[in-house]
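Q: Handing you this structure, nothing more for now.
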Amino acid sequence: MTAVGSGLGSAAGTDPATGLSLAQPLAAAAASDHRTLIITLFSVFVAATLAITVWAGRQTKDATDFYAGGRSFTGFQNGLAISGDYMSAASFLGIAGAIALFGYDGFLYSIGFLVAWLVALLLVAEPLRNSGRFTMADVLAYRLKQRPVRTAAGTSTIVVSIFYLLAQMVGAGALVALLLGATGEGSRRWIIALVGVVMVLYVTIGGMKGTTWVQIVKAVLLIAGTLLITVLVLTKFNWNISTLLGEAAKESGKGRAFLEPGLQYGKDGTSKLNFISLGIALVLGTAGLPHILIRFYTVPTAKAARKSVNWAIGIIGAFYLMTIALGFGAAALVGSKKIIASNESGNTAAPLLAQEIGGGAGSTGGAILLAVISAVAFATILAVVAGLTLASSASFAHDLWANVIRKGRTSEKEEILTAKFAAVAIGAVSIALGIFAHRLNAAALVALAFAVAASANLPTILYSLFWKRFTTQGALWSIYGGLISSVTLVIFSPVLSGNEKALFPSMDFDYFPLANPGLVSIPLGFLLGWLGSLLSRETPDAKKYAELEVRSLTGFGAH
């Protein structure tokens, strides 16, 4: 996911938000004669997905349809949609760049993202589907006090989603403006606003059904585009991976060290801890991401939820295996010098590889492949922001409005209308932040989203499902403690200050040495949940826990 960039940073002459080069528009000059093709591909995709959304909107009748797609999707369809939700733009761009520049160390990102799904499958997917209805807070509120727990869970969901959304919005503006040759500030702002408007339309018109079908289409496009580049790269090297790796090591300028651990991490104690911290956040954060959690409610049975995660693991695993060809192919065919010249962070490696494998800069084949890969990246951003907007607006409407503010005295029609207004408001906030904060470091924002999800959401979910003594106070301490600690540690980390790649390079308040707070904030989230429960005067409801345990493990009584 986008957190890949957290280890890459940004450089002078690049857009700090995405790592995309500002001084050298990414192959834009070479593609200028083919800009009509690029615009056409973008327009076709947006028009097609909006048509799907309008169709899905006509099938949306009640809250179950809007929030959970009527629980009508099969395990395979939901697996595709989960894949589309999970594989964001930097899974495509960032991991390829990480591998192209750091070899073995870069590929460890792919491994971390894939392993994360084992946690989701074994601990979260089926129990969550059995126990909840629409949101994560449904599970917590079943045996804990409704209002404080829903308020905390809703706050956490919206915070995680907003940071993740902002990163995608800023990335969309930079990527599309770059490829269309619109490098001016005004053009970038209009593009961010356009992406935000399309995102809001997806959610307000189509709800979960529309969003799911967009994610399915996006997943198919992403896998197809990645497979095409993979086949072309392997064909170039006669399907001999050893030759590919050897050429990549040679062109990297690092020699054999490129294929061994240690180029990015392991140089000193701090970098080793940094890698462990990032790895923990990535592996555990996935099972706490709100836009991933709500996907488990879109299938009719627990078996289908389990099957959808199995499909997602297979699809995502295949994609991350193909990043070997993307990353090492870029290192071998484009070369690290050209990649760094375009963008020191390496996030342009995949598009540059597509252009190179298609015939090189200025060629029709290169321009076509560049246009295709750019359209796929744009599709990826649209699908992810739609999922994030739906997760945050659903949490506001269902948790905060219907159950906290209105105390359950609301109709489904009112709740859905509130969710649509919330989607518009969240979209407006994202557009505003994206326009006025386009130089924020997207990597830091997404790393924060993962850290918050792993620190606040996951401990609370696991304690609620599997610990009899868990109390409301424990849930509040865990959620707010994880939220506050992760945000605070990121503020005082090297991500924001103390070095030339930081958000505020001229300032120096990096008192916390690690770029990702996961190593500290995640254990703290678990500790606070445990301590808060032990010190609570509340007597846990043993009967409610027994009911939840039966429901989570068997599906009996599930909605």
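FYI, nothing fancy with the structure tokens labels: chains A, B, ... in order, residues from 1 per chain, ligands from 1 as they appear.
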From segment 62-236 of chain A, collect each residue whose DSSP state is alpha helix (DSSP H) and return the set as a compact mmCIF listing (two decimals) with N, CA and C atoms, in the first residue's frame.

A:
```txt
# COMPACT_ATOMS: atom_id res chain seq x y z
N ALA A 63 -30.61 0.47 3.86
CA ALA A 63 -29.30 0.65 4.49
C ALA A 63 -28.37 -0.52 4.20
N THR A 64 -28.92 -1.73 4.18
CA THR A 64 -28.09 -2.90 3.89
C THR A 64 -27.50 -2.80 2.49
N ASP A 65 -28.29 -2.32 1.54
CA ASP A 65 -27.77 -2.13 0.18
C ASP A 65 -26.68 -1.06 0.16
N PHE A 66 -26.94 0.07 0.85
CA PHE A 66 -26.01 1.20 0.79
C PHE A 66 -24.69 0.89 1.50
N TYR A 67 -24.77 0.28 2.70
CA TYR A 67 -23.57 0.02 3.50
C TYR A 67 -22.87 -1.29 3.12
N ALA A 68 -23.66 -2.30 2.77
CA ALA A 68 -23.08 -3.64 2.59
C ALA A 68 -23.42 -4.26 1.24
N GLY A 75 -18.04 -14.78 -2.86
CA GLY A 75 -16.70 -14.75 -2.30
C GLY A 75 -15.67 -14.28 -3.31
N PHE A 76 -15.82 -14.74 -4.56
CA PHE A 76 -14.87 -14.34 -5.60
C PHE A 76 -14.98 -12.86 -5.92
N GLN A 77 -16.22 -12.37 -6.06
CA GLN A 77 -16.42 -10.95 -6.35
C GLN A 77 -15.88 -10.07 -5.23
N ASN A 78 -16.15 -10.46 -4.00
CA ASN A 78 -15.66 -9.67 -2.87
C ASN A 78 -14.15 -9.77 -2.75
N GLY A 79 -13.59 -10.93 -3.11
CA GLY A 79 -12.13 -11.06 -3.11
C GLY A 79 -11.49 -10.11 -4.09
N LEU A 80 -12.10 -9.98 -5.29
CA LEU A 80 -11.61 -9.01 -6.27
C LEU A 80 -11.73 -7.59 -5.74
N ALA A 81 -12.88 -7.29 -5.12
CA ALA A 81 -13.11 -5.94 -4.59
C ALA A 81 -12.14 -5.61 -3.46
N ILE A 82 -11.88 -6.58 -2.58
CA ILE A 82 -10.90 -6.38 -1.51
C ILE A 82 -9.53 -6.10 -2.12
N SER A 83 -9.18 -6.85 -3.15
CA SER A 83 -7.90 -6.63 -3.83
C SER A 83 -7.84 -5.22 -4.40
N GLY A 84 -8.95 -4.79 -5.03
CA GLY A 84 -9.00 -3.45 -5.58
C GLY A 84 -8.90 -2.38 -4.53
N ASP A 85 -9.47 -2.66 -3.34
CA ASP A 85 -9.42 -1.71 -2.23
C ASP A 85 -8.02 -1.66 -1.61
N TYR A 86 -7.33 -2.78 -1.62
CA TYR A 86 -6.07 -2.91 -0.89
C TYR A 86 -4.87 -2.43 -1.69
N ALA A 89 -2.33 3.06 -5.24
CA ALA A 89 -1.42 3.52 -6.29
C ALA A 89 0.04 3.22 -5.98
N ALA A 90 0.43 3.34 -4.72
CA ALA A 90 1.84 3.14 -4.41
C ALA A 90 2.19 1.66 -4.27
N SER A 91 1.20 0.78 -4.18
CA SER A 91 1.51 -0.64 -4.31
C SER A 91 2.01 -0.89 -5.71
N PHE A 92 1.46 -0.14 -6.64
CA PHE A 92 1.84 -0.27 -8.04
C PHE A 92 3.11 0.53 -8.33
N GLY A 94 4.97 2.58 -5.86
CA GLY A 94 5.95 2.66 -4.78
C GLY A 94 6.79 1.41 -4.62
N ILE A 95 6.16 0.23 -4.67
CA ILE A 95 6.93 -1.01 -4.48
C ILE A 95 7.88 -1.23 -5.64
N ALA A 96 7.40 -0.96 -6.86
CA ALA A 96 8.29 -1.09 -8.02
C ALA A 96 9.50 -0.19 -7.86
N GLY A 97 9.29 1.03 -7.37
CA GLY A 97 10.41 1.95 -7.14
C GLY A 97 11.32 1.48 -6.04
N ALA A 98 10.74 0.95 -4.97
CA ALA A 98 11.55 0.45 -3.85
C ALA A 98 12.45 -0.68 -4.30
N ILE A 99 11.92 -1.61 -5.10
CA ILE A 99 12.73 -2.72 -5.59
C ILE A 99 13.78 -2.23 -6.58
N ALA A 100 13.38 -1.31 -7.47
CA ALA A 100 14.30 -0.80 -8.48
C ALA A 100 15.52 -0.12 -7.86
N LEU A 101 15.33 0.53 -6.70
CA LEU A 101 16.42 1.27 -6.07
C LEU A 101 17.14 0.48 -4.97
N PHE A 102 16.39 -0.39 -4.28
CA PHE A 102 16.98 -1.07 -3.12
C PHE A 102 16.99 -2.59 -3.22
N TYR A 104 16.71 -6.24 -2.90
CA TYR A 104 16.15 -7.18 -1.91
C TYR A 104 15.35 -6.46 -0.83
N ASP A 105 15.87 -5.39 -0.30
CA ASP A 105 15.17 -4.67 0.76
C ASP A 105 13.83 -4.12 0.28
N GLY A 106 13.76 -3.71 -0.98
CA GLY A 106 12.50 -3.21 -1.52
C GLY A 106 11.45 -4.30 -1.64
N PHE A 107 11.88 -5.51 -2.00
CA PHE A 107 10.93 -6.61 -2.16
C PHE A 107 10.31 -7.03 -0.82
N LEU A 108 10.98 -6.70 0.27
CA LEU A 108 10.43 -7.05 1.59
C LEU A 108 9.09 -6.35 1.84
N TYR A 109 8.86 -5.21 1.18
CA TYR A 109 7.56 -4.56 1.30
C TYR A 109 6.45 -5.47 0.76
N SER A 110 6.70 -6.08 -0.39
CA SER A 110 5.71 -6.98 -0.98
C SER A 110 5.40 -8.12 -0.02
N ILE A 111 6.43 -8.68 0.59
CA ILE A 111 6.24 -9.79 1.54
C ILE A 111 5.39 -9.33 2.72
N GLY A 112 5.69 -8.14 3.25
CA GLY A 112 4.96 -7.62 4.40
C GLY A 112 3.49 -7.43 4.13
N PHE A 113 3.17 -6.88 2.97
CA PHE A 113 1.77 -6.65 2.61
C PHE A 113 1.01 -7.96 2.45
N LEU A 114 1.67 -8.96 1.89
CA LEU A 114 1.01 -10.25 1.68
C LEU A 114 0.79 -10.98 3.00
N VAL A 115 1.81 -10.99 3.85
CA VAL A 115 1.70 -11.65 5.16
C VAL A 115 0.59 -11.02 5.99
N ALA A 116 0.36 -9.73 5.81
CA ALA A 116 -0.67 -9.03 6.57
C ALA A 116 -2.04 -9.68 6.40
N TRP A 117 -2.28 -10.28 5.25
CA TRP A 117 -3.58 -10.89 5.01
C TRP A 117 -3.80 -12.15 5.82
N LEU A 118 -2.72 -12.79 6.23
CA LEU A 118 -2.87 -13.97 7.10
C LEU A 118 -3.47 -13.56 8.45
N VAL A 119 -3.06 -12.39 8.95
CA VAL A 119 -3.63 -11.88 10.20
C VAL A 119 -5.12 -11.60 10.00
N GLU A 126 -13.69 -13.68 9.50
CA GLU A 126 -14.92 -14.41 9.82
C GLU A 126 -15.60 -13.93 11.11
N PRO A 127 -14.86 -13.75 12.23
CA PRO A 127 -15.53 -13.25 13.44
C PRO A 127 -16.18 -11.88 13.25
N LEU A 128 -15.52 -11.01 12.49
CA LEU A 128 -16.07 -9.67 12.27
C LEU A 128 -17.35 -9.74 11.43
N ARG A 129 -17.32 -10.56 10.39
CA ARG A 129 -18.51 -10.73 9.55
C ARG A 129 -19.68 -11.29 10.36
N ASN A 130 -19.39 -12.22 11.26
CA ASN A 130 -20.45 -12.85 12.06
C ASN A 130 -21.01 -11.92 13.12
N SER A 131 -20.16 -11.03 13.66
CA SER A 131 -20.53 -10.26 14.85
C SER A 131 -21.11 -8.89 14.55
N MET A 136 -17.09 -1.42 12.16
CA MET A 136 -16.30 -2.00 13.24
C MET A 136 -16.95 -1.76 14.59
N ALA A 137 -17.55 -0.59 14.78
CA ALA A 137 -18.15 -0.23 16.07
C ALA A 137 -19.32 -1.14 16.44
N ASP A 138 -19.96 -1.76 15.45
CA ASP A 138 -21.05 -2.70 15.75
C ASP A 138 -20.57 -3.84 16.63
N VAL A 139 -19.36 -4.30 16.36
CA VAL A 139 -18.78 -5.41 17.14
C VAL A 139 -18.49 -4.95 18.56
N LEU A 140 -17.90 -3.79 18.69
CA LEU A 140 -17.53 -3.29 20.02
C LEU A 140 -18.76 -2.97 20.86
N ALA A 141 -19.78 -2.38 20.22
CA ALA A 141 -20.96 -1.93 20.96
C ALA A 141 -21.85 -3.09 21.39
N TYR A 142 -21.62 -4.28 20.88
CA TYR A 142 -22.47 -5.42 21.21
C TYR A 142 -22.37 -5.77 22.70
N ARG A 143 -21.15 -5.65 23.26
CA ARG A 143 -20.98 -6.03 24.66
C ARG A 143 -20.46 -4.89 25.53
N GLN A 146 -22.63 1.61 24.41
CA GLN A 146 -22.78 2.05 23.02
C GLN A 146 -22.16 3.41 22.71
N ARG A 147 -22.62 4.46 23.40
CA ARG A 147 -22.27 5.82 22.99
C ARG A 147 -20.78 6.12 23.05
N PRO A 148 -20.09 5.86 24.18
CA PRO A 148 -18.65 6.19 24.20
C PRO A 148 -17.84 5.35 23.23
N VAL A 149 -18.18 4.07 23.09
CA VAL A 149 -17.42 3.19 22.21
C VAL A 149 -17.64 3.55 20.75
N ARG A 150 -18.88 3.83 20.37
CA ARG A 150 -19.15 4.22 18.98
C ARG A 150 -18.50 5.56 18.65
N THR A 151 -18.49 6.47 19.62
CA THR A 151 -17.83 7.77 19.40
C THR A 151 -16.34 7.58 19.15
N ALA A 152 -15.70 6.75 19.98
CA ALA A 152 -14.26 6.50 19.83
C ALA A 152 -13.96 5.79 18.51
N ALA A 153 -14.73 4.73 18.21
CA ALA A 153 -14.49 3.97 16.98
C ALA A 153 -14.75 4.82 15.75
N GLY A 154 -15.82 5.63 15.79
CA GLY A 154 -16.12 6.51 14.68
C GLY A 154 -15.03 7.54 14.45
N THR A 155 -14.53 8.10 15.56
CA THR A 155 -13.43 9.08 15.46
C THR A 155 -12.19 8.46 14.85
N SER A 156 -11.82 7.27 15.32
CA SER A 156 -10.64 6.58 14.79
C SER A 156 -10.81 6.27 13.31
N THR A 157 -11.99 5.78 12.93
CA THR A 157 -12.25 5.44 11.53
C THR A 157 -12.09 6.67 10.63
N ILE A 158 -12.68 7.79 11.06
CA ILE A 158 -12.63 9.00 10.24
C ILE A 158 -11.20 9.55 10.15
N VAL A 159 -10.46 9.50 11.26
CA VAL A 159 -9.07 9.99 11.24
C VAL A 159 -8.21 9.16 10.29
N VAL A 160 -8.30 7.83 10.42
CA VAL A 160 -7.52 6.95 9.54
C VAL A 160 -7.89 7.21 8.07
N SER A 161 -9.20 7.27 7.81
CA SER A 161 -9.67 7.45 6.43
C SER A 161 -9.27 8.80 5.84
N ILE A 162 -9.34 9.85 6.64
CA ILE A 162 -8.99 11.19 6.14
C ILE A 162 -7.51 11.25 5.76
N PHE A 163 -6.64 10.73 6.62
CA PHE A 163 -5.21 10.75 6.29
C PHE A 163 -4.92 9.92 5.04
N TYR A 164 -5.55 8.76 4.97
CA TYR A 164 -5.36 7.90 3.80
C TYR A 164 -5.93 8.58 2.55
N LEU A 165 -7.11 9.18 2.72
CA LEU A 165 -7.76 9.88 1.61
C LEU A 165 -6.90 11.03 1.10
N LEU A 166 -6.37 11.81 2.02
CA LEU A 166 -5.58 12.97 1.64
C LEU A 166 -4.37 12.54 0.81
N ALA A 167 -3.72 11.46 1.24
CA ALA A 167 -2.57 10.96 0.49
C ALA A 167 -2.96 10.58 -0.93
N GLN A 168 -4.10 9.91 -1.09
CA GLN A 168 -4.55 9.50 -2.41
C GLN A 168 -4.95 10.71 -3.27
N MET A 169 -5.61 11.68 -2.64
CA MET A 169 -6.04 12.87 -3.38
C MET A 169 -4.86 13.67 -3.90
N VAL A 170 -3.90 13.88 -3.03
CA VAL A 170 -2.70 14.62 -3.43
C VAL A 170 -1.96 13.85 -4.52
N GLY A 171 -1.85 12.54 -4.33
CA GLY A 171 -1.20 11.70 -5.34
C GLY A 171 -1.92 11.76 -6.67
N ALA A 172 -3.25 11.75 -6.65
CA ALA A 172 -4.03 11.81 -7.88
C ALA A 172 -3.76 13.12 -8.62
N GLY A 173 -3.77 14.22 -7.86
CA GLY A 173 -3.52 15.52 -8.48
C GLY A 173 -2.16 15.59 -9.13
N ALA A 174 -1.14 15.09 -8.42
CA ALA A 174 0.22 15.15 -8.95
C ALA A 174 0.39 14.24 -10.16
N LEU A 175 -0.13 13.00 -10.05
CA LEU A 175 0.04 12.03 -11.13
C LEU A 175 -0.65 12.49 -12.42
N VAL A 176 -1.91 12.87 -12.29
CA VAL A 176 -2.67 13.24 -13.49
C VAL A 176 -2.15 14.54 -14.08
N ALA A 177 -1.85 15.53 -13.25
CA ALA A 177 -1.32 16.79 -13.76
C ALA A 177 0.00 16.57 -14.49
N LEU A 178 0.82 15.68 -13.92
CA LEU A 178 2.12 15.39 -14.51
C LEU A 178 1.99 14.76 -15.88
N LEU A 179 1.11 13.78 -15.97
CA LEU A 179 0.95 13.05 -17.23
C LEU A 179 0.23 13.87 -18.30
N GLU A 185 0.03 25.41 -10.75
CA GLU A 185 -0.71 25.24 -9.50
C GLU A 185 -2.22 25.18 -9.74
N GLY A 186 -2.72 26.07 -10.58
CA GLY A 186 -4.15 26.11 -10.84
C GLY A 186 -4.67 24.81 -11.44
N SER A 187 -3.92 24.26 -12.40
CA SER A 187 -4.33 23.02 -13.05
C SER A 187 -4.35 21.87 -12.06
N ARG A 188 -3.34 21.81 -11.19
CA ARG A 188 -3.26 20.74 -10.20
C ARG A 188 -4.46 20.81 -9.24
N ARG A 189 -4.84 22.02 -8.85
CA ARG A 189 -5.97 22.18 -7.94
C ARG A 189 -7.28 21.73 -8.60
N TRP A 190 -7.46 22.09 -9.87
CA TRP A 190 -8.67 21.67 -10.57
C TRP A 190 -8.74 20.15 -10.70
N ILE A 191 -7.60 19.51 -10.93
CA ILE A 191 -7.58 18.06 -11.06
C ILE A 191 -7.92 17.39 -9.74
N ILE A 192 -7.37 17.91 -8.64
CA ILE A 192 -7.70 17.37 -7.31
C ILE A 192 -9.20 17.52 -7.05
N ALA A 193 -9.75 18.69 -7.39
CA ALA A 193 -11.18 18.92 -7.20
C ALA A 193 -12.01 17.96 -8.04
N LEU A 194 -11.58 17.70 -9.28
CA LEU A 194 -12.31 16.79 -10.16
C LEU A 194 -12.31 15.37 -9.60
N VAL A 195 -11.15 14.93 -9.14
CA VAL A 195 -11.06 13.59 -8.54
C VAL A 195 -11.99 13.49 -7.33
N GLY A 196 -12.01 14.54 -6.51
CA GLY A 196 -12.87 14.55 -5.33
C GLY A 196 -14.34 14.49 -5.69
N VAL A 197 -14.73 15.21 -6.72
CA VAL A 197 -16.13 15.20 -7.15
C VAL A 197 -16.54 13.81 -7.65
N VAL A 198 -15.68 13.20 -8.46
CA VAL A 198 -15.97 11.85 -8.97
C VAL A 198 -16.09 10.87 -7.81
N MET A 199 -15.19 11.00 -6.85
CA MET A 199 -15.19 10.13 -5.66
C MET A 199 -16.52 10.25 -4.91
N VAL A 200 -16.99 11.47 -4.69
CA VAL A 200 -18.24 11.69 -3.97
C VAL A 200 -19.42 11.12 -4.76
N LEU A 201 -19.39 11.26 -6.08
CA LEU A 201 -20.46 10.71 -6.92
C LEU A 201 -20.53 9.19 -6.79
N TYR A 202 -19.38 8.53 -6.78
CA TYR A 202 -19.35 7.07 -6.62
C TYR A 202 -20.13 6.66 -5.37
N VAL A 203 -19.83 7.34 -4.26
CA VAL A 203 -20.40 6.93 -2.97
C VAL A 203 -21.86 7.33 -2.84
N THR A 204 -22.18 8.59 -3.17
CA THR A 204 -23.55 9.07 -2.95
C THR A 204 -24.55 8.43 -3.90
N ILE A 205 -24.12 8.14 -5.12
CA ILE A 205 -25.04 7.54 -6.09
C ILE A 205 -25.08 6.02 -5.96
N GLY A 206 -23.90 5.40 -5.87
CA GLY A 206 -23.84 3.94 -5.93
C GLY A 206 -23.74 3.23 -4.62
N GLY A 207 -23.35 3.93 -3.53
CA GLY A 207 -23.18 3.25 -2.25
C GLY A 207 -22.17 2.13 -2.35
N MET A 208 -22.34 1.09 -1.53
CA MET A 208 -21.40 -0.02 -1.52
C MET A 208 -21.46 -0.82 -2.82
N LYS A 209 -22.63 -0.94 -3.41
CA LYS A 209 -22.72 -1.69 -4.66
C LYS A 209 -21.90 -1.04 -5.77
N GLY A 210 -22.10 0.27 -5.95
CA GLY A 210 -21.35 0.97 -6.97
C GLY A 210 -19.86 0.95 -6.70
N THR A 211 -19.49 1.21 -5.44
CA THR A 211 -18.07 1.23 -5.06
C THR A 211 -17.43 -0.14 -5.28
N THR A 212 -18.17 -1.20 -4.94
CA THR A 212 -17.63 -2.56 -5.10
C THR A 212 -17.37 -2.88 -6.56
N TRP A 213 -18.32 -2.55 -7.43
CA TRP A 213 -18.11 -2.84 -8.84
C TRP A 213 -16.97 -2.03 -9.43
N VAL A 214 -16.81 -0.78 -8.98
CA VAL A 214 -15.66 0.02 -9.43
C VAL A 214 -14.36 -0.63 -8.98
N GLN A 215 -14.33 -1.14 -7.75
CA GLN A 215 -13.13 -1.80 -7.25
C GLN A 215 -12.83 -3.10 -7.99
N ILE A 216 -13.88 -3.82 -8.37
CA ILE A 216 -13.69 -5.05 -9.15
C ILE A 216 -13.08 -4.72 -10.51
N VAL A 217 -13.63 -3.71 -11.18
CA VAL A 217 -13.10 -3.29 -12.49
C VAL A 217 -11.65 -2.85 -12.34
N LYS A 218 -11.38 -2.06 -11.32
CA LYS A 218 -10.03 -1.57 -11.08
C LYS A 218 -9.05 -2.71 -10.83
N ALA A 219 -9.47 -3.71 -10.03
CA ALA A 219 -8.60 -4.85 -9.73
C ALA A 219 -8.25 -5.62 -11.00
N VAL A 220 -9.25 -5.82 -11.86
CA VAL A 220 -9.01 -6.53 -13.12
C VAL A 220 -8.04 -5.74 -13.99
N LEU A 221 -8.24 -4.42 -14.08
CA LEU A 221 -7.34 -3.57 -14.87
C LEU A 221 -5.92 -3.60 -14.33
N LEU A 222 -5.79 -3.51 -13.00
CA LEU A 222 -4.47 -3.47 -12.39
C LEU A 222 -3.71 -4.78 -12.62
N ILE A 223 -4.41 -5.91 -12.39
CA ILE A 223 -3.78 -7.21 -12.61
C ILE A 223 -3.41 -7.38 -14.08
N ALA A 224 -4.33 -6.99 -14.99
CA ALA A 224 -4.06 -7.12 -16.42
C ALA A 224 -2.87 -6.27 -16.85
N GLY A 225 -2.84 -5.01 -16.37
CA GLY A 225 -1.72 -4.13 -16.72
C GLY A 225 -0.40 -4.64 -16.19
N THR A 226 -0.41 -5.10 -14.94
CA THR A 226 0.81 -5.63 -14.33
C THR A 226 1.26 -6.91 -15.04
N LEU A 227 0.29 -7.77 -15.38
CA LEU A 227 0.62 -9.02 -16.08
C LEU A 227 1.23 -8.74 -17.44
N LEU A 228 0.68 -7.74 -18.15
CA LEU A 228 1.20 -7.38 -19.47
C LEU A 228 2.66 -6.95 -19.37
N ILE A 229 2.97 -6.05 -18.43
CA ILE A 229 4.35 -5.58 -18.28
C ILE A 229 5.26 -6.73 -17.85
N THR A 230 4.76 -7.60 -16.96
CA THR A 230 5.55 -8.74 -16.49
C THR A 230 5.92 -9.67 -17.64
N VAL A 231 4.92 -9.99 -18.48
CA VAL A 231 5.18 -10.88 -19.62
C VAL A 231 6.19 -10.25 -20.58
N LEU A 232 6.04 -8.96 -20.85
CA LEU A 232 6.96 -8.27 -21.76
C LEU A 232 8.38 -8.24 -21.20
N VAL A 233 8.51 -8.01 -19.90
CA VAL A 233 9.84 -7.98 -19.27
C VAL A 233 10.48 -9.36 -19.32
N LEU A 234 9.72 -10.39 -18.92
CA LEU A 234 10.28 -11.75 -18.92
C LEU A 234 10.62 -12.21 -20.33
N THR A 235 9.81 -11.82 -21.30
CA THR A 235 10.11 -12.16 -22.69
C THR A 235 11.43 -11.53 -23.13
N LYS A 236 11.66 -10.33 -22.66
CA LYS A 236 12.89 -9.60 -22.98
C LYS A 236 14.12 -10.38 -22.51
```

Q: May I have the residues within 9 Å of segment 521-534 of chain A as JSON, numbers by chain, using only C-alpha atoms and disregarding those fewer than 2 positions away in the same chain?

A: {"A": [280, 281, 284, 451, 452, 454, 455, 456, 457, 458, 459, 460, 463, 469, 470, 471, 472, 473, 474, 475, 476, 477, 478, 479, 480, 481, 482, 483, 484, 485, 486, 489, 517, 518, 519, 536, 537, 538]}

Q: Using atom CA of Tyr297 of chain A and atom CA of Val309 of chain A as the two end points, give the distance in Å to one decimal.

A: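 Result for atom CA of Tyr297 of chain A versus atom CA of Val309 of chain A: 12.2 Å, one decimal.
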
Q: Smallest atom-to-atom distance to Gly103 of chain A: which of A:Pro494, A:Gly427, A:Gly314, A:Gly255, using only C-alpha atoms?

A: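 Going through A:Pro494, A:Gly427, A:Gly314, A:Gly255 one by one, the smallest distance to Gly103 of chain A is for A:Gly255.
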
Q: Find the distance between atom CA of Ala249 of chain A and atom CA of Phe328 of chain A and write it in Å to one decimal.

A: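 Separation of atom CA of Ala249 of chain A and atom CA of Phe328 of chain A: 8.3 Å.
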
Q: Between atom CA of Val299 of chain A and atom CA of Ser72 of chain A, what distance in Å does the model show, to one decimal?

A: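 Here the two named atoms are 5.8 Å from each other.
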
Q: For Lys544 of chain A, which of A:Lys468, A:Thr364, A:Ser493, A:Gly327 is the closest residue, counting only C-alpha atoms?

A: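 The closest residue to Lys544 of chain A is A:Lys468.
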